[in-house]
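Student: Just one file: model.txt, with compact mmCIF, C-alpha atoms.
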```
# COMPACT_ATOMS: atom_id res chain seq x y z
CA MET A 8 -9.18 2.17 11.13
CA ILE A 9 -9.99 1.36 7.51
CA PRO A 10 -8.33 2.47 4.26
CA ILE A 11 -8.54 6.21 3.84
CA LEU A 12 -10.76 6.11 0.76
CA ARG A 13 -13.27 3.76 2.31
CA LYS A 14 -13.22 5.67 5.58
CA HIS A 15 -13.88 8.98 3.87
CA LEU A 16 -16.55 7.71 1.53
CA ALA A 17 -18.32 6.16 4.49
CA LEU A 18 -18.33 9.51 6.28
CA ALA A 19 -20.45 12.36 4.93
CA ILE A 20 -17.82 15.00 5.51
CA GLY A 21 -17.69 18.22 3.53
CA VAL A 22 -15.51 21.03 2.29
CA ALA A 23 -12.96 22.76 4.52
CA THR A 24 -13.73 26.10 6.15
CA LEU A 25 -11.31 29.01 6.23
CA LEU A 26 -8.64 28.74 8.89
CA THR A 27 -8.74 31.35 11.61
CA ALA A 28 -4.96 31.43 11.76
CA GLU A 29 -2.00 29.72 10.21
CA VAL A 30 1.69 29.34 10.99
CA THR A 31 4.33 27.76 8.76
CA THR A 32 7.70 26.66 10.08
CA ALA A 33 10.55 24.57 8.75
CA VAL A 34 13.71 23.33 10.40
CA ALA A 35 16.56 21.40 8.84
CA GLN A 36 19.71 20.23 10.56
CA PRO A 37 23.00 21.32 8.97
CA GLN A 38 23.92 19.64 5.69
CA ALA A 39 20.46 18.17 5.25
CA PRO A 40 20.50 15.46 2.56
CA PHE A 41 17.77 17.03 0.49
CA SER A 42 16.02 20.37 0.23
CA ALA A 43 14.33 21.44 3.45
CA GLY A 44 12.66 24.01 1.24
CA GLN A 45 11.01 21.19 -0.70
CA LEU A 46 9.67 19.69 2.52
CA ARG A 47 8.27 23.05 3.56
CA GLN A 48 6.76 23.51 0.10
CA ASP A 49 5.11 20.09 0.31
CA THR A 50 3.64 20.67 3.77
CA ASP A 51 2.35 24.07 2.64
CA ALA A 52 0.75 22.44 -0.41
CA ILE A 53 -1.17 20.04 1.81
CA HIS A 54 -2.26 22.86 4.10
CA ALA A 55 -3.39 24.89 1.08
CA LEU A 56 -5.91 22.15 0.24
CA GLY A 57 -7.79 23.04 3.42
CA VAL A 58 -6.05 20.70 5.85
CA SER A 59 -5.80 22.62 9.10
CA GLY A 60 -2.56 21.15 10.43
CA VAL A 61 0.37 19.29 8.87
CA GLN A 62 3.67 18.06 10.33
CA ALA A 63 6.38 16.10 8.52
CA ARG A 64 9.75 14.63 9.35
CA VAL A 65 12.38 13.10 7.06
CA ILE A 66 15.39 11.12 8.29
CA ALA A 67 18.36 10.66 5.96
CA PRO A 68 20.74 7.67 5.79
CA ASP A 69 23.18 9.42 8.14
CA GLY A 70 20.45 10.13 10.69
CA ARG A 71 20.10 13.83 9.95
CA GLN A 72 16.55 15.10 10.13
CA SER A 73 14.47 17.67 8.30
CA VAL A 74 11.25 18.83 9.94
CA ALA A 75 8.42 21.05 8.70
CA ALA A 76 5.01 22.09 10.02
CA SER A 77 2.23 24.09 8.43
CA GLY A 78 -1.13 25.40 9.56
CA THR A 79 -2.60 25.49 13.02
CA ALA A 80 -3.11 22.97 15.81
CA ASP A 81 -6.29 24.68 17.03
CA LEU A 82 -8.69 26.62 14.85
CA ASN A 83 -9.97 28.57 17.85
CA THR A 84 -6.63 29.77 19.22
CA GLY A 85 -4.39 29.69 16.14
CA GLN A 86 -1.78 27.70 18.08
CA PRO A 87 0.97 26.54 15.70
CA VAL A 88 1.43 22.87 14.87
CA SER A 89 4.15 21.19 16.93
CA SER A 90 6.65 19.11 14.98
CA ASP A 91 6.73 16.78 18.01
CA GLY A 92 2.96 16.55 18.42
CA TYR A 93 1.18 13.28 19.14
CA PHE A 94 -1.39 11.80 16.77
CA ARG A 95 -3.39 8.60 16.62
CA MET A 96 -1.45 5.85 14.89
CA ALA A 97 -4.67 4.25 13.59
CA SER A 98 -4.08 1.50 11.02
CA THR A 99 -0.32 1.97 11.04
CA SER A 100 -0.51 -0.14 14.20
CA LYS A 101 -1.28 -3.10 11.94
CA THR A 102 2.44 -3.16 11.16
CA LEU A 103 3.07 -3.57 14.89
CA VAL A 104 0.59 -6.45 15.12
CA ALA A 105 2.07 -8.16 12.07
CA THR A 106 5.60 -7.80 13.42
CA VAL A 107 4.65 -9.52 16.69
CA VAL A 108 2.94 -12.35 14.81
CA LEU A 109 6.05 -12.89 12.69
CA GLN A 110 8.26 -12.82 15.78
CA LEU A 111 6.10 -15.55 17.28
CA GLU A 112 6.49 -17.55 14.08
CA ALA A 113 10.26 -17.17 14.30
CA GLU A 114 10.08 -18.50 17.86
CA GLY A 115 8.07 -21.52 16.73
CA ARG A 116 5.04 -20.48 18.77
CA LEU A 117 2.70 -20.33 15.79
CA SER A 118 2.71 -20.88 12.03
CA LEU A 119 1.42 -18.58 9.32
CA ASN A 120 -0.37 -21.65 7.96
CA ASP A 121 -2.25 -22.24 11.21
CA THR A 122 -5.98 -21.90 10.79
CA VAL A 123 -8.08 -19.45 12.71
CA GLU A 124 -10.04 -22.44 14.00
CA HIS A 125 -6.82 -23.83 15.52
CA TRP A 126 -6.37 -20.73 17.67
CA LYS A 127 -9.98 -19.59 18.13
CA PRO A 128 -12.25 -22.64 17.87
CA GLY A 129 -15.82 -21.86 16.90
CA VAL A 130 -15.31 -18.11 16.61
CA VAL A 131 -15.31 -17.72 12.82
CA ARG A 132 -18.53 -19.46 11.89
CA GLY A 133 -21.93 -18.62 10.49
CA SER A 134 -23.17 -16.94 7.31
CA GLY A 135 -20.74 -19.02 5.26
CA ASN A 136 -17.67 -18.07 7.31
CA ASP A 137 -15.39 -20.99 8.16
CA GLY A 138 -12.33 -20.54 10.38
CA ARG A 139 -11.06 -23.94 9.28
CA ARG A 140 -10.31 -22.51 5.83
CA ILE A 141 -8.71 -19.21 6.90
CA THR A 142 -5.03 -19.00 7.84
CA VAL A 143 -3.06 -16.55 9.94
CA ARG A 144 -1.25 -15.46 6.77
CA GLN A 145 -4.56 -14.57 5.11
CA LEU A 146 -5.60 -12.48 8.10
CA LEU A 147 -2.30 -10.59 7.91
CA GLN A 148 -2.60 -10.00 4.16
CA HIS A 149 -6.32 -9.14 4.00
CA THR A 150 -7.02 -12.14 1.79
CA SER A 151 -9.28 -13.96 4.29
CA GLY A 152 -12.53 -12.71 2.73
CA ILE A 153 -13.93 -11.78 6.16
CA HIS A 154 -16.39 -8.93 5.71
CA ASP A 155 -15.74 -5.75 7.68
CA ASP A 156 -18.62 -4.31 9.70
CA LEU A 157 -17.06 -2.15 12.38
CA PRO A 158 -19.25 0.58 13.89
CA GLY A 159 -18.71 4.13 12.69
CA TYR A 160 -20.28 7.58 12.58
CA THR A 161 -21.41 9.46 9.47
CA THR A 162 -22.92 12.61 10.99
CA PRO A 163 -21.96 15.02 13.79
CA GLU A 164 -24.89 13.68 15.82
CA GLU A 165 -23.62 10.11 15.49
CA TYR A 166 -20.12 11.22 16.47
CA TYR A 167 -21.36 12.82 19.69
CA GLN A 168 -23.54 9.79 20.45
CA GLN A 169 -20.92 7.13 19.74
CA ARG A 170 -17.54 8.68 20.52
CA TYR A 171 -17.20 7.05 23.97
CA ASP A 172 -18.68 3.66 23.05
CA VAL A 173 -16.49 0.68 23.93
CA TYR A 174 -16.68 -2.66 22.12
CA SER A 175 -15.12 -5.99 22.98
CA SER A 176 -13.23 -8.03 20.41
CA GLY A 177 -15.99 -10.61 20.58
CA GLN A 178 -18.64 -8.02 19.71
CA LEU A 179 -16.65 -6.76 16.72
CA ILE A 180 -16.01 -10.27 15.40
CA ALA A 181 -19.68 -11.19 15.86
CA ARG A 182 -20.71 -8.25 13.67
CA ALA A 183 -18.55 -9.60 10.85
CA MET A 184 -19.90 -13.12 11.28
CA ALA A 185 -23.41 -11.83 10.56
CA HIS A 186 -22.28 -11.24 6.95
CA ALA A 187 -21.31 -13.65 4.22
CA PRO A 188 -17.62 -13.55 3.28
CA ASP A 189 -16.60 -11.12 0.55
CA PHE A 190 -14.90 -14.00 -1.26
CA ALA A 191 -13.49 -17.46 -0.56
CA PRO A 192 -10.27 -17.40 1.51
CA GLY A 193 -7.27 -16.59 -0.65
CA GLU A 194 -9.31 -15.67 -3.72
CA GLY A 195 -9.34 -11.87 -3.42
CA TRP A 196 -8.13 -8.86 -1.46
CA ALA A 197 -10.29 -6.68 0.78
CA TYR A 198 -9.10 -4.62 3.71
CA SER A 199 -10.45 -6.20 6.90
CA ASN A 200 -10.03 -4.59 10.29
CA THR A 201 -11.85 -7.58 11.71
CA GLY A 202 -9.01 -9.78 10.50
CA TYR A 203 -6.63 -7.80 12.71
CA VAL A 204 -9.05 -7.96 15.63
CA LEU A 205 -8.77 -11.73 15.26
CA LEU A 206 -4.97 -11.48 15.13
CA ASP A 207 -5.02 -9.61 18.45
CA THR A 208 -6.85 -12.56 19.97
CA VAL A 209 -4.40 -15.04 18.41
CA ILE A 210 -1.47 -13.15 19.95
CA GLN A 211 -3.15 -13.24 23.35
CA LYS A 212 -3.87 -16.96 23.03
CA ALA A 213 -0.28 -17.72 21.97
CA THR A 214 1.44 -15.58 24.61
CA GLY A 215 -1.03 -15.20 27.47
CA HIS A 216 -0.74 -11.42 27.17
CA PRO A 217 -2.79 -8.77 25.35
CA ALA A 218 -1.41 -7.80 21.96
CA HIS A 219 -0.67 -4.24 23.08
CA GLN A 220 1.51 -5.56 25.92
CA GLU A 221 3.47 -7.80 23.54
CA ILE A 222 3.92 -4.81 21.21
CA GLU A 223 5.28 -2.73 24.05
CA ASN A 224 7.65 -5.44 25.29
CA ARG A 225 8.87 -6.62 21.90
CA ILE A 226 8.98 -3.42 19.84
CA LEU A 227 8.44 -0.15 21.68
CA ARG A 228 10.80 -0.68 24.62
CA PRO A 229 13.66 -2.25 22.63
CA LEU A 230 13.57 0.61 20.12
CA GLY A 231 13.19 3.30 22.78
CA LEU A 232 9.89 4.52 21.31
CA ASP A 233 8.92 6.42 24.45
CA HIS A 234 6.38 8.55 22.62
CA THR A 235 4.44 5.64 21.17
CA ARG A 236 1.84 4.63 23.73
CA TRP A 237 -1.24 2.49 24.02
CA VAL A 238 -3.94 4.61 25.65
CA GLY A 239 -6.65 1.97 25.87
CA THR A 240 -10.15 3.37 26.24
CA SER A 241 -8.97 6.88 27.04
CA PRO A 242 -10.58 9.28 24.53
CA THR A 243 -7.76 11.82 24.81
CA LEU A 244 -4.17 12.14 23.57
CA PRO A 245 -1.03 13.24 25.43
CA ARG A 246 0.12 16.81 24.94
CA PRO A 247 1.19 18.40 22.71
CA HIS A 248 -1.20 17.43 19.94
CA ALA A 249 -3.10 19.16 17.19
CA LYS A 250 -6.86 18.96 17.40
CA ALA A 251 -8.38 16.65 14.81
CA TYR A 252 -11.17 17.84 12.54
CA GLN A 253 -13.61 16.17 10.19
CA LEU A 254 -16.01 17.69 7.72
CA PHE A 255 -19.60 16.44 7.59
CA GLY A 256 -20.80 18.98 5.04
CA PRO A 257 -19.92 22.45 3.73
CA ASP A 258 -20.80 24.12 7.03
CA ALA A 259 -20.13 21.28 9.46
CA LEU A 260 -16.51 21.22 10.54
CA VAL A 261 -16.34 19.20 13.78
CA ASP A 262 -13.56 18.78 16.31
CA VAL A 263 -13.44 14.97 16.64
CA THR A 264 -10.29 14.77 18.76
CA ASP A 265 -11.95 13.08 21.73
CA GLN A 266 -13.13 9.55 20.99
CA VAL A 267 -12.44 5.92 21.83
CA PRO A 268 -11.25 4.02 18.74
CA VAL A 269 -13.72 1.26 17.89
CA ASP A 270 -11.01 -1.40 18.05
CA HIS A 271 -9.26 0.05 21.07
CA GLU A 272 -7.12 -3.07 21.54
CA ASN A 273 -5.44 -2.48 18.18
CA LEU A 274 -5.97 1.16 17.31
CA SER A 275 -5.42 3.02 20.59
CA PHE A 276 -1.74 3.72 19.94
CA VAL A 277 -0.58 7.32 19.72
CA THR A 278 2.81 8.26 18.34
CA THR A 279 4.97 11.03 16.85
CA THR A 280 6.66 11.54 13.51
CA ARG A 281 10.01 10.80 15.14
CA ASP A 282 8.90 7.47 16.61
CA GLU A 283 7.13 6.35 13.44
CA ASN A 284 10.25 7.04 11.41
CA VAL A 285 12.39 5.05 13.84
CA LEU A 286 9.92 2.14 13.77
CA PHE A 287 9.92 1.72 9.99
CA ARG A 288 13.68 2.21 9.71
CA ALA A 289 14.30 -0.47 12.31
CA LEU A 290 11.84 -2.88 10.72
CA LEU A 291 13.26 -2.63 7.20
CA ALA A 292 16.84 -2.68 8.49
CA GLY A 293 16.16 -6.10 10.02
CA ARG A 294 16.31 -5.08 13.67
CA LEU A 295 12.88 -6.48 14.57
CA LEU A 296 12.60 -9.66 12.50
CA PRO A 297 14.95 -12.41 11.32
CA ALA A 298 15.68 -12.29 7.59
CA ARG A 299 13.25 -15.10 6.76
CA GLN A 300 10.32 -13.43 8.52
CA LEU A 301 11.11 -10.02 7.00
CA THR A 302 11.14 -11.68 3.59
CA GLU A 303 7.73 -13.22 4.36
CA MET A 304 6.42 -9.81 5.37
CA LYS A 305 7.50 -8.38 2.01
CA GLN A 306 5.79 -11.04 -0.11
CA THR A 307 3.03 -8.97 -1.66
CA VAL A 308 -0.22 -9.34 -3.58
CA PRO A 309 -2.15 -6.69 -5.56
CA VAL A 310 -4.60 -4.57 -3.56
CA SER A 311 -8.21 -4.00 -4.57
CA VAL A 312 -9.25 -1.67 -7.37
CA GLU A 313 -10.59 0.77 -4.77
CA VAL A 314 -7.28 0.99 -2.92
CA GLN A 315 -5.36 1.16 -6.21
CA GLN A 316 -6.90 4.62 -6.57
CA LEU A 317 -4.99 5.63 -3.45
CA TRP A 318 -1.87 3.55 -4.06
CA PRO A 319 -1.28 3.36 -7.85
CA GLY A 320 0.81 0.27 -8.43
CA GLY A 321 0.51 -0.58 -4.73
CA ARG A 322 0.73 -4.08 -3.29
CA TYR A 323 0.25 -5.50 0.21
CA GLY A 324 2.43 -7.90 2.16
CA LEU A 325 1.91 -8.95 5.78
CA GLY A 326 0.96 -5.74 7.55
CA LEU A 327 3.11 -3.75 5.14
CA ALA A 328 2.31 -1.97 1.86
CA GLU A 329 4.66 -1.60 -1.11
CA ARG A 330 4.42 1.45 -3.36
CA PRO A 331 6.53 2.53 -6.35
CA LEU A 332 8.84 5.55 -6.31
CA THR A 333 9.04 7.98 -9.22
CA CYS A 334 12.83 7.75 -9.08
CA GLY A 335 12.75 3.97 -9.42
CA GLY A 336 12.33 1.11 -7.03
CA ALA A 337 9.73 1.05 -4.30
CA TYR A 338 9.17 1.94 -0.67
CA TRP A 339 7.37 0.31 2.25
CA SER A 340 4.68 1.89 4.37
CA HIS A 341 1.37 1.56 6.18
CA GLU A 342 -0.73 4.67 6.32
CA GLY A 343 -3.32 5.24 9.02
CA GLY A 344 -6.47 7.30 9.19
CA ASP A 345 -9.02 7.63 11.97
CA GLY A 346 -10.94 10.37 13.72
CA GLY A 347 -9.54 13.24 11.66
CA TYR A 348 -5.89 12.17 11.87
CA ILE A 349 -4.40 10.91 8.60
CA THR A 350 -0.78 9.80 8.40
CA LEU A 351 1.33 8.62 5.47
CA ASN A 352 4.81 7.20 5.86
CA GLY A 353 7.52 5.53 3.85
CA VAL A 354 10.93 3.91 4.14
CA THR A 355 13.32 2.73 1.47
CA ASP A 356 13.99 -0.98 1.15
CA ASP A 357 17.24 -0.81 3.11
CA GLY A 358 15.66 1.16 5.96
CA ARG A 359 18.08 4.08 5.54
CA ARG A 360 15.81 6.88 4.33
CA SER A 361 12.35 7.50 5.78
CA ALA A 362 9.58 10.06 5.95
CA VAL A 363 6.33 10.59 7.87
CA VAL A 364 3.62 13.19 7.30
CA SER A 365 0.70 13.55 9.70
CA MET A 366 -2.39 15.63 8.97
CA SER A 367 -4.98 16.62 11.54
CA GLU A 368 -7.92 17.21 9.25
CA ALA A 369 -9.66 14.90 6.78
CA ARG A 370 -11.28 16.18 3.57
CA GLY A 371 -13.63 13.37 2.71
CA ASP A 372 -16.76 14.83 1.18
CA THR A 373 -15.85 13.97 -2.41
CA VAL A 374 -13.52 11.55 -4.16
CA GLU A 375 -11.77 14.57 -5.68
CA HIS A 376 -10.97 16.00 -2.26
CA ILE A 377 -9.92 12.63 -0.90
CA MET A 378 -7.58 12.07 -3.80
CA SER A 379 -6.10 15.57 -3.70
CA GLN A 380 -5.18 15.16 -0.03
CA GLU A 381 -3.84 11.64 -0.54
CA ASN A 382 -1.87 12.62 -3.64
CA ALA A 383 -0.31 15.68 -1.99
CA ALA A 384 0.82 13.61 1.00
CA SER A 385 2.08 10.82 -1.28
CA SER A 386 4.09 13.39 -3.24
CA LEU A 387 5.74 14.58 -0.03
CA ILE A 388 6.80 11.01 0.77
CA ASP A 389 8.05 10.44 -2.78
CA HIS A 390 10.06 13.68 -2.83
CA ALA A 391 11.61 12.88 0.53
CA LEU A 392 12.61 9.33 -0.36
CA CYS A 393 13.87 10.21 -3.84
CA GLY A 394 15.81 13.25 -2.59
CA GLY A 395 19.55 12.82 -2.56
CA GLY A 396 19.38 9.73 -4.74
CA GLY A 397 18.31 7.45 -1.92
CA GLY A 398 15.07 6.21 -3.39
CA ALA A 399 16.00 3.47 -5.83
CA HIS A 400 17.03 0.04 -4.60
```
Translate the structure of the given file into structure tokens.
Tutor:
Amino acid sequence: MIPILRKHLALAIGVATLLTAEVTTAVAQPQAPFSAGQLRQDTDAIHALGVSGVQARVIAPDGRQSVAASGTADLNTGQPVSSDGYFRMASTSKTLVATVVLQLEAEGRLSLNDTVEHWKPGVVRGSGNDGRRITVRQLLQHTSGIHDDLPGYTTPEEYYQQRYDVYSSGQLIARAMAHAPDFAPGEGWAYSNTGYVLLDTVIQKATGHPAHQEIENRILRPLGLDHTRWVGTSPTLPRPHAKAYQLFGPDALVDVTDQVPVDHENLSFVTTTRDENVLFRALLAGRLLPARQLTEMKQTVPVSVEVQQLWPGGRYGLGLAERPLTCGGAYWSHEGGDGGYITLNGVTDDGRRSAVVSMSEARGDTVEHIMSQENAASSLIDHALCGGGGGAH
């Protein structure tokens, strides 16, 4: 829902408890392009931090796959993690939203320079907010200055009280409008979920259909992503899935699997490591956008100091993040974290090598724990994309 660091610091979640059971598996197809043992080692390293369940999938340029899973999907039963398990896509769905917006631009149905006021008259006003000065491009790139004030829980009690709450887009936007902007449009960078709530409404205004329907028709069906689904206000996930856990203190590990995402219009997508790999490979290979729009998507700006802690050297385009590789060059991604599920992903610039790692427990009680989990997952992505010499472009 929001960048992992901000999400975790906002939640008072504590140290991991001992797992009741653990299972580690690794599968690599014949002639895998890089060490399946390395992938297993990297998933085990994440699990060893206290993350209950980890699954990862790497796809090589020739389509061969390496898969690994570590830990348990259920702390009560010790059920092993499925390498085909569903998880909440969370903020990775912003890449889907951005792709649809850029498709609409390619069709001449909107312009990235259109103002928010043009599409949603009178909506972005008050407390110094002015939709006449904010463009669609700025919403996509988190440079609008719109302050984020989405509801969230910070204690187990709040989770149980709020987990089934449903908010309209109008309610979420109104919360943001009660605050002054973080900065003048175009003069800074701050991650804004509210900006993407507004983009959902722009898509609906431009097409006459909800954003999730346009995503399904324009991206999911053409790519055959049958395991990426919008579940709306349903608080549950399809099976199989690992249960998601969050820590609210040293002795407060809570199963937070069941909940309605605050921005259910945008964030209620579930997916698998296979589908997420296919999505990013198709996007960077130019199968979803014309060359001009893909180039626009990859025009980046520096992220905030806070997010630089998570993404050293990272930059942000239009619904797509750019991060450097240790072997040279860079990769493209958009991680997602919400309700215990944290997912990192990456694809090389040509779309030929990709990796996804999904974790079903968040360690967010301290910056040290946040960074150790983020760094371990980032290392897995880096190893996978640099393996076999496919990382530099």
Student: I'd like the interatomic distance between atom CA of A:Trp339 and atom CA of A:Arg288, to a tenth of an Å.
Tutor: 10.0 Å
Student: For each of A:Gln145, A:Ser241, A:Thr162, A:Gln48, take the minimum atom-to-atom distance to A:Ser199, counting all atoms listed in the file, then give the residue where this is smallest.
Tutor: A:Gln145
Student: What's around A:Thr264 at 6 Å? Count all atoms listed in the file, leave out sequence neighbours fewer than 2 positions away in its own chain, and write the answer as a ChimeraX atom specification.
Tutor: /A:250-251,262
Student: Would you mind telling me which residue in A:Val204, A:Ala52, A:Met96, A:Val363 lies nearest to A:Gln178 when using all atoms listed in the file?
Tutor: A:Val204
Student: Counting all atoms listed in the file, figure out which residue out of A:Asp189, A:Asp282, A:Asp372, A:Asp270 gets nearest to A:Leu254.
Tutor: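 For A:Leu254, the nearest of the given residues is A:Asp372.
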Student: Could you state the separation of atom CA of A:Ser311 and atom CA of A:Gly324 in Å, given to one decimal place?
Tutor: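 Between atom CA of A:Ser311 and atom CA of A:Gly324 the gap works out to 13.2 Å.
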Student: Rank nothing, just name the residue among A:Pro87, A:Pro68, A:Pro268, A:Pro331 nearest to A:Asp172, using all atoms listed in the file.
Tutor: A:Pro268
Student: Could you tell me how far atom CA of A:Asn120 lies from atom CA of A:Gly202, in Å and to one decimal?
Tutor: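 Interatomic distance here is 14.9 Å.
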Student: Please determine, counting only C-alpha atoms, which residue among A:Pro128, A:Pro163, A:Gly321, A:Pro158 has the shortest atom-to-atom distance to A:Val269.
Tutor: A:Pro158
Student: Complete stretch 44-70 of chain A at the level of N, CA and C atoms, written as a PDB file, keeping the file's coordinate frame.
Tutor:
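Output below, filename part23.pdb:
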```pdb
ATOM      1  N   GLY A  44      13.633  23.166   1.888  1.00  0.00           N
ATOM      2  CA  GLY A  44      12.660  24.010   1.240  1.00  0.00           C
ATOM      3  C   GLY A  44      11.586  23.200   0.526  1.00  0.00           C
ATOM      4  N   GLN A  45      11.977  22.060  -0.049  1.00  0.00           N
ATOM      5  CA  GLN A  45      11.010  21.190  -0.700  1.00  0.00           C
ATOM      6  C   GLN A  45      10.033  20.617   0.321  1.00  0.00           C
ATOM      7  N   LEU A  46      10.535  20.232   1.483  1.00  0.00           N
ATOM      8  CA  LEU A  46       9.670  19.690   2.520  1.00  0.00           C
ATOM      9  C   LEU A  46       8.683  20.756   2.988  1.00  0.00           C
ATOM     10  N   ARG A  47       9.171  21.959   3.164  1.00  0.00           N
ATOM     11  CA  ARG A  47       8.270  23.050   3.560  1.00  0.00           C
ATOM     12  C   ARG A  47       7.238  23.316   2.470  1.00  0.00           C
ATOM     13  N   GLN A  48       7.679  23.295   1.224  1.00  0.00           N
ATOM     14  CA  GLN A  48       6.760  23.510   0.100  1.00  0.00           C
ATOM     15  C   GLN A  48       5.679  22.436   0.076  1.00  0.00           C
ATOM     16  N   ASP A  49       6.072  21.188   0.338  1.00  0.00           N
ATOM     17  CA  ASP A  49       5.110  20.090   0.310  1.00  0.00           C
ATOM     18  C   ASP A  49       4.119  20.149   1.466  1.00  0.00           C
ATOM     19  N   THR A  50       4.579  20.535   2.656  1.00  0.00           N
ATOM     20  CA  THR A  50       3.640  20.670   3.770  1.00  0.00           C
ATOM     21  C   THR A  50       2.687  21.841   3.528  1.00  0.00           C
ATOM     22  N   ASP A  51       3.214  22.928   2.964  1.00  0.00           N
ATOM     23  CA  ASP A  51       2.350  24.070   2.640  1.00  0.00           C
ATOM     24  C   ASP A  51       1.302  23.686   1.601  1.00  0.00           C
ATOM     25  N   ALA A  52       1.685  22.849   0.644  1.00  0.00           N
ATOM     26  CA  ALA A  52       0.750  22.440  -0.410  1.00  0.00           C
ATOM     27  C   ALA A  52      -0.400  21.630   0.175  1.00  0.00           C
ATOM     28  N   ILE A  53      -0.103  20.800   1.150  1.00  0.00           N
ATOM     29  CA  ILE A  53      -1.170  20.040   1.810  1.00  0.00           C
ATOM     30  C   ILE A  53      -2.075  20.988   2.588  1.00  0.00           C
ATOM     31  N   HIS A  54      -1.484  21.888   3.334  1.00  0.00           N
ATOM     32  CA  HIS A  54      -2.260  22.860   4.100  1.00  0.00           C
ATOM     33  C   HIS A  54      -3.164  23.698   3.190  1.00  0.00           C
ATOM     34  N   ALA A  55      -2.644  24.055   2.017  1.00  0.00           N
ATOM     35  CA  ALA A  55      -3.390  24.890   1.080  1.00  0.00           C
ATOM     36  C   ALA A  55      -4.646  24.209   0.556  1.00  0.00           C
ATOM     37  N   LEU A  56      -4.709  22.875   0.659  1.00  0.00           N
ATOM     38  CA  LEU A  56      -5.910  22.150   0.240  1.00  0.00           C
ATOM     39  C   LEU A  56      -7.072  22.359   1.194  1.00  0.00           C
ATOM     40  N   GLY A  57      -6.769  22.881   2.397  1.00  0.00           N
ATOM     41  CA  GLY A  57      -7.790  23.040   3.420  1.00  0.00           C
ATOM     42  C   GLY A  57      -7.551  22.181   4.631  1.00  0.00           C
ATOM     43  N   VAL A  58      -6.400  21.519   4.688  1.00  0.00           N
ATOM     44  CA  VAL A  58      -6.050  20.700   5.850  1.00  0.00           C
ATOM     45  C   VAL A  58      -5.509  21.620   6.934  1.00  0.00           C
ATOM     46  N   SER A  59      -6.130  21.612   8.091  1.00  0.00           N
ATOM     47  CA  SER A  59      -5.800  22.620   9.100  1.00  0.00           C
ATOM     48  C   SER A  59      -4.380  22.522   9.612  1.00  0.00           C
ATOM     49  N   GLY A  60      -3.890  21.315   9.860  1.00  0.00           N
ATOM     50  CA  GLY A  60      -2.560  21.150  10.430  1.00  0.00           C
ATOM     51  C   GLY A  60      -1.788  20.034   9.764  1.00  0.00           C
ATOM     52  N   VAL A  61      -0.494  20.277   9.519  1.00  0.00           N
ATOM     53  CA  VAL A  61       0.370  19.290   8.870  1.00  0.00           C
ATOM     54  C   VAL A  61       1.729  19.316   9.571  1.00  0.00           C
ATOM     55  N   GLN A  62       2.283  18.150   9.846  1.00  0.00           N
ATOM     56  CA  GLN A  62       3.670  18.060  10.330  1.00  0.00           C
ATOM     57  C   GLN A  62       4.354  16.919   9.590  1.00  0.00           C
ATOM     58  N   ALA A  63       5.636  17.112   9.263  1.00  0.00           N
ATOM     59  CA  ALA A  63       6.380  16.100   8.520  1.00  0.00           C
ATOM     60  C   ALA A  63       7.810  16.034   9.020  1.00  0.00           C
ATOM     61  N   ARG A  64       8.372  14.838   8.935  1.00  0.00           N
ATOM     62  CA  ARG A  64       9.750  14.630   9.350  1.00  0.00           C
ATOM     63  C   ARG A  64      10.404  13.633   8.388  1.00  0.00           C
ATOM     64  N   VAL A  65      11.596  13.963   7.945  1.00  0.00           N
ATOM     65  CA  VAL A  65      12.380  13.100   7.060  1.00  0.00           C
ATOM     66  C   VAL A  65      13.700  12.788   7.752  1.00  0.00           C
ATOM     67  N   ILE A  66      14.104  11.519   7.719  1.00  0.00           N
ATOM     68  CA  ILE A  66      15.390  11.120   8.290  1.00  0.00           C
ATOM     69  C   ILE A  66      16.236  10.526   7.166  1.00  0.00           C
ATOM     70  N   ALA A  67      17.443  11.052   7.017  1.00  0.00           N
ATOM     71  CA  ALA A  67      18.360  10.660   5.960  1.00  0.00           C
ATOM     72  C   ALA A  67      19.176   9.434   6.385  1.00  0.00           C
ATOM     73  N   PRO A  68      19.921   8.838   5.457  1.00  0.00           N
ATOM     74  CA  PRO A  68      20.740   7.670   5.790  1.00  0.00           C
ATOM     75  C   PRO A  68      21.726   7.909   6.930  1.00  0.00           C
ATOM     76  N   ASP A  69      22.225   9.136   7.061  1.00  0.00           N
ATOM     77  CA  ASP A  69      23.180   9.420   8.140  1.00  0.00           C
ATOM     78  C   ASP A  69      22.500   9.841   9.435  1.00  0.00           C
ATOM     79  N   GLY A  70      21.179   9.795   9.467  1.00  0.00           N
ATOM     80  CA  GLY A  70      20.450  10.130  10.690  1.00  0.00           C
ATOM     81  C   GLY A  70      20.045  11.584  10.806  1.00  0.00           C
TER      82      GLY A  70
END
```
